[in-house]
Protein chains: 2
Amino acid sequence: MRDVAVIGAGMTNFGKFLDRSMKDIAGEAITGALDSAGVDKSKLEAAVVGNATAGLITGQEMIRGQVVLRELGIGGIPVINTENACASSSTAFHVAWMYVASGMYDMALAVGMEKLYHEDKTRSFKAIGAAVDVEWVQQMAAAAKAAKENGDRDNPAPEEGAGEKRSMFMDFYAAFARQHMQRYGTTKEQFARVAVKNHYHGSLNPHAQYREVYSLEDVLTSPMVAEPLTRLMCSPIGDGAAAVVLCAADKAKQFTSKPVFVRASVLASGDDRQPGQPGITERAAQKAYEMAGVGPEDINVAEVHDASAPAELVIYEELGFCKPGEGGQLIDSKATYVDGPIPVNPSGGLISKGHPIGATGVAQIYEIFSQLRGEAGDRQVRNPKVGMTENGGGMVKGEAAALAVHILSV
Amino acid sequence: MRDVAVIGAGMTNFGKFLDRSMKDIAGEAITGALDSAGVDKSKLEAAVVGNATAGLITGQEMIRGQVVLRELGIGGIPVINTENACASSSTAFHVAWMYVASGMYDMALAVGMEKLYHEDKTRSFKAIGAAVDVEWVQQMAAAAKAAKENGDRDNPAPEEGAGEKRSMFMDFYAAFARQHMQRYGTTKEQFARVAVKNHYHGSLNPHAQYREVYSLEDVLTSPMVAEPLTRLMCSPIGDGAAAVVLCAADKAKQFTSKPVFVRASVLASGDDRQPGQPGITERAAQKAYEMAGVGPEDINVAEVHDASAPAELVIYEELGFCKPGEGGQLIDSKATYVDGPIPVNPSGGLISKGHPIGATGVAQIYEIFSQLRGEAGDRQVRNPKVGMTENGGGMVKGEAAALAVHILSV
């Protein structure tokens, strides 16, 4: 397989855009990516478009990519629509990368887009609920009811109707957080520090949905979602889009003096496993490190799937940024701040930049692309050479349904 | 890119299965494909799953593939969910082919699955309506209303509410059929002969949803859907699944003495074009012929997208099986019957085998695989060496949103 470069990236601000259509927001991101690459749309040879909830929110299924691309006058080329819940567009990036890496095409577009806001917010939460095995959730809800009657608060299943008031994923995250606290002595304050950091980073990012700076006390005293998760530790509902242009590495110099190379593109799915065996994130990261020929010590900047603050802390451990159980100490040391030795989520991450779920994967690539080119403005990490993204999606039988890890470098 | 072989294929019968779950029908097809290949599920390195309507029919979005695969104990590997309306699973096949052709993996699974039947049939038709640009349809419905007031019956847009009583695509097909009649003198009887042929073929196929043989008169006098389309000229709503195992060609002999090689895999999307310029099918077929190094005269058997009988007749011309305007003469000559010189849709096609839309693409591959291996039973074409599939999906601005052409050979 041949080397592939990202030569341009665009994204919208993330936020609440009830009055903007999918065509409108995706168009802004795609046009931004083409402008950034200095490439005319006629040069595109393939497009892969990730989206998660348009079917349930807007009624547009099946050909979501073509609908937005034709609006921009982009047609004729192969268009693939990918879904993988919150990892829908890192999956799109993975397929676009494969189009170029395989030698089939020289230039491909990867797009992530989402309009998750709906006037009726319960519809947004219900849509997110389609990211799990619907049958399984019904069984688990019954189990949770039984466990509650027996006084067991640690059962990770959502309570009945929980998915209509908030994302049911927050119940899972809360349970995992409690397990981490019990096993390693991690504290609620340590989780809160992840949120403090990401909100600080988001305050530096003009694309971020929430740009307020919060203190530790602000985070701890914000409304409780599910013990120990407070609202400021959770990623919000949001709308947005991101797009990147991929190009055969040996042709990239024709378009830019600053190509960013894709060193690893790994997609994995959940599996049955025994306690103690590596989880999906550890397995995918290990594969990506092997593919790129680097280790965690070589990563200068990472964007990871902090759908909730505890998730980021666990991901530190899974990606090898610290040893198992030491995620709490890592955030205490401020090592993952934008000016620390291993900056994580300089964009503000899902918590502060926002999480329009189908857009998140390519938006992470956008951030690493910007960072590696030194174009990240106030949130610029100092002189990074190697960057990483980690993006999870959905859940089946207690493990992520999809997980994508990418490693990029200058 | 390296050569790829199909080494196993499985499919369910197509039909109305209100009491079977997606896990159940997809499981049958996947197990059938693994058994056919003589490969244990643990050998699979990647899976790509195409589906079109589960989100709107069953509520399961985003991770449809993982949900059915984990049920079978298949996990850990990359899983990509693809959508492209009626071409969702030929798109899945295309991506699975790319996984192997690129050298990334040696063995991949491609799955197509659909449960289109719903107790409330208007919900099935509404789901199919998500295969077009929803905004555009609203505009066209307004235009059709105006055209009707002006006495113009040839406007191809659906009337208001048409999509709730039947697939709105039949209105498009009817308009295209009328245009062909006007331009080339094609007759309603010629369209009907396509349906007679495909129902006859379907009668020979144990997987077919409809296995009755019909006379020309039966077809012409069956209830009118949209002039000149009668019900027996239209593909039905249906449920079903199909799966195939793809393998690096140089390793295929380890598993089977009868591999079927993928000679071309081409995906295209619709485009703006001037009258007289080649359409999406002609362009995709041309690319596929070039990729495979063959021409239409080399094709011994083809499965094509006869969502309606006139479509098949036009596809004869677009694939080069006859000259433009001569599709009517080709069906009159019986050349496309299973024992003719260029057999088309020996499976019964979408009209008779059925059209569970997300399953159709891989089911076409299943048929060509069976034919090329001489395993097609009563509908076996005599000694075919090269087979072809053509599968269209969705519509944007009057042209197919997606179109996949594959060429396979022994």
# chains A, B, ... in the order shown; residues from 1 in each chain; ligands from 1
>>> residues_around(residues="Gly73 (chain A)", least_positions_apart="6", cutoff="10 Å", atoms="only C-alpha atoms", output="list in words")
Lys41 and Ser42 of chain A; Asp271 and Asp272 of chain B
>>> write_last_selection(atoms="N, CA and C atoms", output="short mmCIF file (atom, residue, chain, number, x, y, z; two decimals), in the first residue's frame")
data_model
loop_
_atom_site.label_atom_id
_atom_site.label_comp_id
_atom_site.auth_asym_id
_atom_site.auth_seq_id
_atom_site.Cartn_x
_atom_site.Cartn_y
_atom_site.Cartn_z
N LYS A 41 -12.81 21.26 -7.07
CA LYS A 41 -13.66 20.08 -6.85
C LYS A 41 -13.55 19.07 -7.98
N SER A 42 -13.24 19.53 -9.18
CA SER A 42 -13.14 18.62 -10.34
C SER A 42 -11.98 17.64 -10.20
N ASP B 271 -24.49 12.65 -12.02
CA ASP B 271 -23.81 13.90 -12.33
C ASP B 271 -24.73 14.76 -13.20
N ASP B 272 -24.45 16.06 -13.22
CA ASP B 272 -25.12 16.92 -14.19
C ASP B 272 -24.56 16.58 -15.56
#
>>> residues_around(residues="region 342-357 of chain A", least_positions_apart="3", cutoff="8 Å", atoms="only C-alpha atoms", output="tab-separated table (two decimals) with C-alpha atoms, in the first residue's frame")
chain	number	residue	atom	x	y	z
A	14	PHE	CA	-19.74	23.23	16.26
A	15	GLY	CA	-22.99	24.38	17.89
A	51	ASN	CA	-23.12	10.50	9.23
A	52	ALA	CA	-24.96	8.84	12.08
A	85	ALA	CA	-22.18	5.69	15.26
A	86	CYS	CA	-19.79	8.27	16.81
A	87	ALA	CA	-16.99	6.80	14.66
A	88	SER	CA	-18.93	7.23	11.38
A	113	MET	CA	-21.48	15.74	9.17
A	114	GLU	CA	-24.26	15.80	11.71
A	115	LYS	CA	-27.37	17.73	12.59
A	116	LEU	CA	-28.14	16.22	15.97
A	195	ALA	CA	-13.22	18.63	32.09
A	197	LYS	CA	-8.60	21.18	30.98
A	198	ASN	CA	-10.83	20.55	27.98
A	199	HIS	CA	-13.03	23.55	28.67
A	200	TYR	CA	-9.85	25.65	28.96
A	201	HIS	CA	-8.63	24.28	25.61
A	202	GLY	CA	-12.05	24.90	24.07
A	203	SER	CA	-11.88	28.52	25.21
A	204	LEU	CA	-8.89	28.88	22.87
A	205	ASN	CA	-10.65	27.28	19.87
A	207	HIS	CA	-14.69	26.32	16.41
A	208	ALA	CA	-15.68	25.13	19.91
A	209	GLN	CA	-19.34	24.93	20.90
A	210	TYR	CA	-18.60	25.97	24.51
A	211	ARG	CA	-15.86	28.53	25.10
A	232	LEU	CA	-19.74	19.79	32.61
A	233	MET	CA	-18.01	16.40	32.40
A	234	CYS	CA	-20.27	15.27	29.52
A	235	SER	CA	-20.12	16.05	25.80
A	236	PRO	CA	-23.11	18.05	24.58
A	237	ILE	CA	-25.51	17.54	21.67
A	238	GLY	CA	-24.36	19.52	18.65
A	239	ASP	CA	-24.42	20.20	14.92
A	240	GLY	CA	-21.41	20.53	12.65
A	241	ALA	CA	-19.32	19.18	9.81
A	299	ILE	CA	3.07	11.05	20.18
A	300	ASN	CA	3.24	14.85	20.48
A	301	VAL	CA	-0.48	15.60	20.36
A	302	ALA	CA	-3.66	13.52	20.53
A	303	GLU	CA	-7.37	14.02	19.98
A	304	VAL	CA	-9.35	11.36	21.82
A	305	HIS	CA	-12.95	10.38	22.39
A	306	ASP	CA	-13.79	12.20	25.65
A	307	ALA	CA	-17.54	11.69	25.35
A	308	SER	CA	-17.25	12.00	29.12
A	309	ALA	CA	-14.32	13.12	31.26
A	321	PHE	CA	0.37	7.60	27.75
A	335	ALA	CA	0.85	16.70	31.44
A	336	THR	CA	-2.06	16.62	28.97
A	337	TYR	CA	-2.52	20.39	28.83
A	338	VAL	CA	-1.74	22.11	25.55
A	339	ASP	CA	1.68	23.15	26.90
A	360	THR	CA	-16.34	14.06	15.26
A	367	GLU	CA	-7.33	19.33	14.56
A	379	ARG	CA	-4.25	26.37	21.13
A	380	GLN	CA	-1.09	25.49	19.16
A	381	VAL	CA	1.01	22.71	20.67
>>> residues_around(residues="region 59-70 of chain B", least_positions_apart="6", cutoff="9 Å", atoms="only C-alpha atoms", output="PDB file with C-alpha atoms, in the first residue's frame")
ATOM      1  CA  ASN A  51     -23.115  10.500   9.231  1.00  0.00           C
ATOM      2  CA  ALA A  52     -24.965   8.844  12.078  1.00  0.00           C
ATOM      3  CA  THR A  53     -28.397  10.283  12.766  1.00  0.00           C
ATOM      4  CA  GLY A  55     -32.222   9.280   9.022  1.00  0.00           C
ATOM      5  CA  LEU A  56     -33.858   9.710  12.396  1.00  0.00           C
ATOM      6  CA  THR A  82     -20.507   5.110   6.037  1.00  0.00           C
ATOM      7  CA  GLU A  83     -22.047   4.642   9.444  1.00  0.00           C
ATOM      8  CA  ASN A  84     -20.365   3.591  12.657  1.00  0.00           C
ATOM      9  CA  ALA A  85     -22.183   5.686  15.259  1.00  0.00           C
ATOM     10  CA  CYS A  86     -19.790   8.268  16.806  1.00  0.00           C
ATOM     11  CA  SER A  88     -18.929   7.231  11.384  1.00  0.00           C
ATOM     12  CA  ALA A 127     -31.448   8.942  17.798  1.00  0.00           C
ATOM     13  CA  GLY A 129     -29.968   5.400  21.339  1.00  0.00           C
ATOM     14  CA  ALA A 130     -29.826   3.745  17.893  1.00  0.00           C
ATOM     15  CA  ALA A 131     -26.036   3.438  18.409  1.00  0.00           C
ATOM     16  CA  VAL A 132     -26.503   0.342  20.523  1.00  0.00           C
ATOM     17  CA  ASP A 133     -28.068  -3.067  19.933  1.00  0.00           C
ATOM     18  CA  VAL A 134     -31.694  -2.101  20.389  1.00  0.00           C
ATOM     19  CA  SER A 269     -14.877  -3.624  16.537  1.00  0.00           C
ATOM     20  CA  GLY A 270     -15.797  -4.960  19.955  1.00  0.00           C
ATOM     21  CA  ASP A 271     -15.309  -8.577  20.875  1.00  0.00           C
ATOM     22  CA  ASP A 272     -16.057 -11.057  23.611  1.00  0.00           C
ATOM     23  CA  GLY A 393     -18.592   4.526  18.223  1.00  0.00           C
ATOM     24  CA  GLY A 394     -21.648   2.744  19.538  1.00  0.00           C
ATOM     25  CA  MET A 395     -21.828  -0.199  21.863  1.00  0.00           C
ATOM     26  CA  VAL A 396     -22.643  -3.882  21.508  1.00  0.00           C
ATOM     27  CA  LYS A 397     -22.547  -6.275  24.456  1.00  0.00           C
ATOM     28  CA  ALA A 401     -19.008  -1.318  18.368  1.00  0.00           C
ATOM     29  CA  ALA A 402     -16.374   0.574  16.394  1.00  0.00           C
TER      30      ALA A 402
ATOM     31  CA  MET B  22     -32.423  -9.041  11.001  1.00  0.00           C
ATOM     32  CA  LYS B  23     -30.000 -11.064  13.146  1.00  0.00           C
ATOM     33  CA  ASP B  24     -31.785 -14.200  12.054  1.00  0.00           C
ATOM     34  CA  ALA B  26     -28.337 -12.042   8.146  1.00  0.00           C
ATOM     35  CA  GLY B  27     -27.058 -14.910  10.275  1.00  0.00           C
ATOM     36  CA  ILE B  30     -23.374 -15.266   6.661  1.00  0.00           C
ATOM     37  CA  ALA B  47     -16.487  -7.192   7.339  1.00  0.00           C
ATOM     38  CA  VAL B  48     -18.496  -4.659   5.351  1.00  0.00           C
ATOM     39  CA  VAL B  49     -22.248  -4.636   5.754  1.00  0.00           C
ATOM     40  CA  GLY B  50     -24.781  -2.921   3.498  1.00  0.00           C
ATOM     41  CA  ASN B  51     -28.291  -2.041   4.577  1.00  0.00           C
ATOM     42  CA  THR B  53     -33.825   0.918   5.667  1.00  0.00           C
ATOM     43  CA  VAL B  79     -16.700  -3.548  10.555  1.00  0.00           C
ATOM     44  CA  ILE B  80     -17.885  -0.883   8.112  1.00  0.00           C
ATOM     45  CA  ASN B  81     -21.566  -0.129   7.594  1.00  0.00           C
ATOM     46  CA  VAL B 111     -23.047  -8.695   3.587  1.00  0.00           C
TER      47      VAL B 111
END
>>> residues_around(residues="Lys385 (chain B)", least_positions_apart="2", cutoff="7 Å", atoms="only C-alpha atoms", output="compact mmCIF listing (two decimals) with N, CA and C atoms, in the first residue's frame")
# COMPACT_ATOMS: atom_id res chain seq x y z
N ASN B 300 -21.07 -13.53 -20.47
CA ASN B 300 -21.88 -14.73 -20.67
C ASN B 300 -23.14 -14.77 -19.83
N LEU B 372 -21.14 -19.04 -12.40
CA LEU B 372 -19.79 -19.28 -12.92
C LEU B 372 -19.22 -20.59 -12.40
N ASN B 383 -22.28 -23.11 -19.23
CA ASN B 383 -20.82 -22.95 -19.24
C ASN B 383 -20.33 -21.50 -19.30
N GLY B 387 -19.07 -13.11 -15.94
CA GLY B 387 -20.37 -12.61 -15.52
C GLY B 387 -20.28 -11.16 -15.07
N SER B 409 -15.09 -13.52 -13.16
CA SER B 409 -14.82 -14.59 -14.12
C SER B 409 -14.24 -15.81 -13.40
N VAL B 410 -14.33 -16.95 -14.07
CA VAL B 410 -13.67 -18.13 -13.50
C VAL B 410 -12.19 -18.03 -13.84
>>> residues_around(residues="Val100 (chain A)", least_positions_apart="2", cutoff="8 Å", atoms="only C-alpha atoms", output="PyMOL selection string")
chain A and resi 2+4+96-98+102-108+246-248
>>> write_last_selection(atoms="C-alpha atoms", output="short mmCIF file (atom, residue, chain, number, x, y, z; two decimals), in the first residue's frame")
data_model
loop_
_atom_site.label_atom_id
_atom_site.label_comp_id
_atom_site.auth_asym_id
_atom_site.auth_seq_id
_atom_site.Cartn_x
_atom_site.Cartn_y
_atom_site.Cartn_z
CA ARG A 2 1.31 3.44 -0.83
CA VAL A 4 -1.16 8.94 1.71
CA ALA A 96 -11.03 7.34 1.74
CA TRP A 97 -7.50 6.57 2.90
CA MET A 98 -7.88 3.04 1.50
CA SER A 102 -4.65 1.04 -2.60
CA GLY A 103 -3.68 3.01 -5.69
CA MET A 104 -7.23 3.09 -6.99
CA TYR A 105 -7.51 6.87 -6.86
CA ASP A 106 -5.07 9.72 -6.29
CA MET A 107 -7.40 12.15 -4.55
CA ALA A 108 -10.35 11.49 -2.24
CA LEU A 246 -6.51 13.02 0.93
CA CYS A 247 -3.91 12.66 -1.80
CA ALA A 248 -1.27 10.16 -2.87
#
>>> residues_around(residues="Tyr316 (chain A)", least_positions_apart="5", cutoff="9 Å", atoms="only C-alpha atoms", output="PyMOL selection string")
chain A and resi 304+311+321-324+326-327+330+344
>>> closest_residue(among="B:Val194, B:Val245, B:Ile7, B:Leu403", to="chain A", atoms="only C-alpha atoms")
B:Leu403
>>> atom_distance(atom1="CA of Phe369 (chain B)", atom2="CA of Ala9 (chain B)")
7.3 Å
>>> select_by_dssp(residues="region 118-306 of chain B", states="strand (DSSP E)", output="PDB file with C-alpha atoms, in the first residue's frame")
ATOM      1  CA  MET B 224     -51.789  -0.758 -13.531  1.00  0.00           C
ATOM      2  CA  VAL B 225     -49.198   0.923 -11.277  1.00  0.00           C
ATOM      3  CA  ALA B 226     -48.254   3.857 -13.496  1.00  0.00           C
ATOM      4  CA  LEU B 229     -46.056  -0.256 -15.747  1.00  0.00           C
ATOM      5  CA  THR B 230     -48.335  -2.995 -14.478  1.00  0.00           C
ATOM      6  CA  ASP B 239     -36.941  -9.227   3.151  1.00  0.00           C
ATOM      7  CA  GLY B 240     -33.706 -11.146   2.758  1.00  0.00           C
ATOM      8  CA  ALA B 241     -29.934 -11.277   3.096  1.00  0.00           C
ATOM      9  CA  ALA B 242     -26.891 -12.406   1.149  1.00  0.00           C
ATOM     10  CA  ALA B 243     -23.208 -12.712   2.011  1.00  0.00           C
ATOM     11  CA  VAL B 244     -19.966 -13.574   0.277  1.00  0.00           C
ATOM     12  CA  VAL B 245     -16.401 -14.281   1.402  1.00  0.00           C
ATOM     13  CA  LEU B 246     -13.619 -12.514  -0.495  1.00  0.00           C
ATOM     14  CA  CYS B 247     -10.034 -13.727  -0.418  1.00  0.00           C
ATOM     15  CA  ALA B 248      -6.688 -12.733  -1.909  1.00  0.00           C
ATOM     16  CA  VAL B 260     -14.428 -16.795  -8.872  1.00  0.00           C
ATOM     17  CA  PHE B 261     -12.247 -13.784  -9.597  1.00  0.00           C
ATOM     18  CA  VAL B 262     -13.274 -10.143  -9.334  1.00  0.00           C
ATOM     19  CA  ARG B 263     -12.127  -8.544 -12.589  1.00  0.00           C
ATOM     20  CA  ALA B 264     -13.668  -5.116 -12.076  1.00  0.00           C
ATOM     21  CA  SER B 265     -15.299  -3.240  -9.211  1.00  0.00           C
ATOM     22  CA  VAL B 266     -16.613   0.174 -10.161  1.00  0.00           C
ATOM     23  CA  LEU B 267     -18.772   2.565  -8.180  1.00  0.00           C
ATOM     24  CA  ALA B 268     -20.144   5.798  -9.637  1.00  0.00           C
ATOM     25  CA  VAL B 301     -24.342 -13.921 -17.905  1.00  0.00           C
ATOM     26  CA  ALA B 302     -25.523 -10.712 -16.208  1.00  0.00           C
ATOM     27  CA  GLU B 303     -27.596  -9.748 -13.191  1.00  0.00           C
TER      28      GLU B 303
END
>>> closest_residue(among="B:Pro223, B:Gly328, B:Pro278, B:Pro206", to="chain A", atoms="only C-alpha atoms")
B:Pro278
>>> decode(residues="region 136-154 of chain A", atoms="N, CA and C atoms", output="short mmCIF file (atom, residue, chain, number, x, y, z; two decimals), in the first residue's frame")
data_model
loop_
_atom_site.label_atom_id
_atom_site.label_comp_id
_atom_site.auth_asym_id
_atom_site.auth_seq_id
_atom_site.Cartn_x
_atom_site.Cartn_y
_atom_site.Cartn_z
N TRP A 136 -30.77 -5.69 22.67
CA TRP A 136 -29.96 -5.93 23.86
C TRP A 136 -30.29 -4.92 24.96
N VAL A 137 -30.50 -3.68 24.54
CA VAL A 137 -30.81 -2.63 25.52
C VAL A 137 -32.10 -2.95 26.27
N GLN A 138 -33.05 -3.48 25.53
CA GLN A 138 -34.31 -3.85 26.18
C GLN A 138 -34.07 -4.91 27.25
N GLN A 139 -33.21 -5.88 26.92
CA GLN A 139 -32.89 -6.93 27.90
C GLN A 139 -32.15 -6.34 29.11
N MET A 140 -31.20 -5.44 28.83
CA MET A 140 -30.41 -4.84 29.91
C MET A 140 -31.26 -3.97 30.83
N ALA A 141 -32.22 -3.26 30.23
CA ALA A 141 -33.09 -2.40 31.03
C ALA A 141 -33.85 -3.24 32.04
N ALA A 142 -34.26 -4.43 31.59
CA ALA A 142 -34.96 -5.35 32.50
C ALA A 142 -34.01 -5.81 33.61
N ALA A 143 -32.75 -6.09 33.22
CA ALA A 143 -31.76 -6.54 34.21
C ALA A 143 -31.47 -5.44 35.23
N ALA A 144 -31.39 -4.19 34.74
CA ALA A 144 -31.09 -3.06 35.62
C ALA A 144 -32.21 -2.87 36.64
N LYS A 145 -33.42 -3.05 36.18
CA LYS A 145 -34.58 -2.91 37.06
C LYS A 145 -34.48 -3.94 38.20
N ALA A 146 -34.13 -5.17 37.80
CA ALA A 146 -34.01 -6.24 38.79
C ALA A 146 -32.86 -5.93 39.76
N ALA A 147 -31.72 -5.45 39.22
CA ALA A 147 -30.55 -5.17 40.06
C ALA A 147 -30.87 -4.07 41.06
N LYS A 148 -31.60 -3.07 40.59
CA LYS A 148 -31.95 -1.94 41.46
C LYS A 148 -32.81 -2.42 42.64
N GLU A 149 -33.69 -3.31 42.31
CA GLU A 149 -34.54 -3.86 43.37
C GLU A 149 -33.72 -4.62 44.41
N ASN A 150 -32.56 -5.15 43.95
CA ASN A 150 -31.65 -5.85 44.86
C ASN A 150 -30.59 -4.92 45.47
N GLY A 151 -30.71 -3.61 45.22
CA GLY A 151 -29.81 -2.64 45.85
C GLY A 151 -28.45 -2.49 45.17
N ASP A 152 -28.29 -3.02 43.94
CA ASP A 152 -27.00 -2.93 43.22
C ASP A 152 -26.99 -1.68 42.35
N ARG A 153 -26.19 -0.68 42.75
CA ARG A 153 -26.16 0.58 41.98
C ARG A 153 -25.11 0.55 40.87
N ASP A 154 -24.26 -0.50 40.85
CA ASP A 154 -23.16 -0.51 39.89
C ASP A 154 -23.50 -1.20 38.58
#
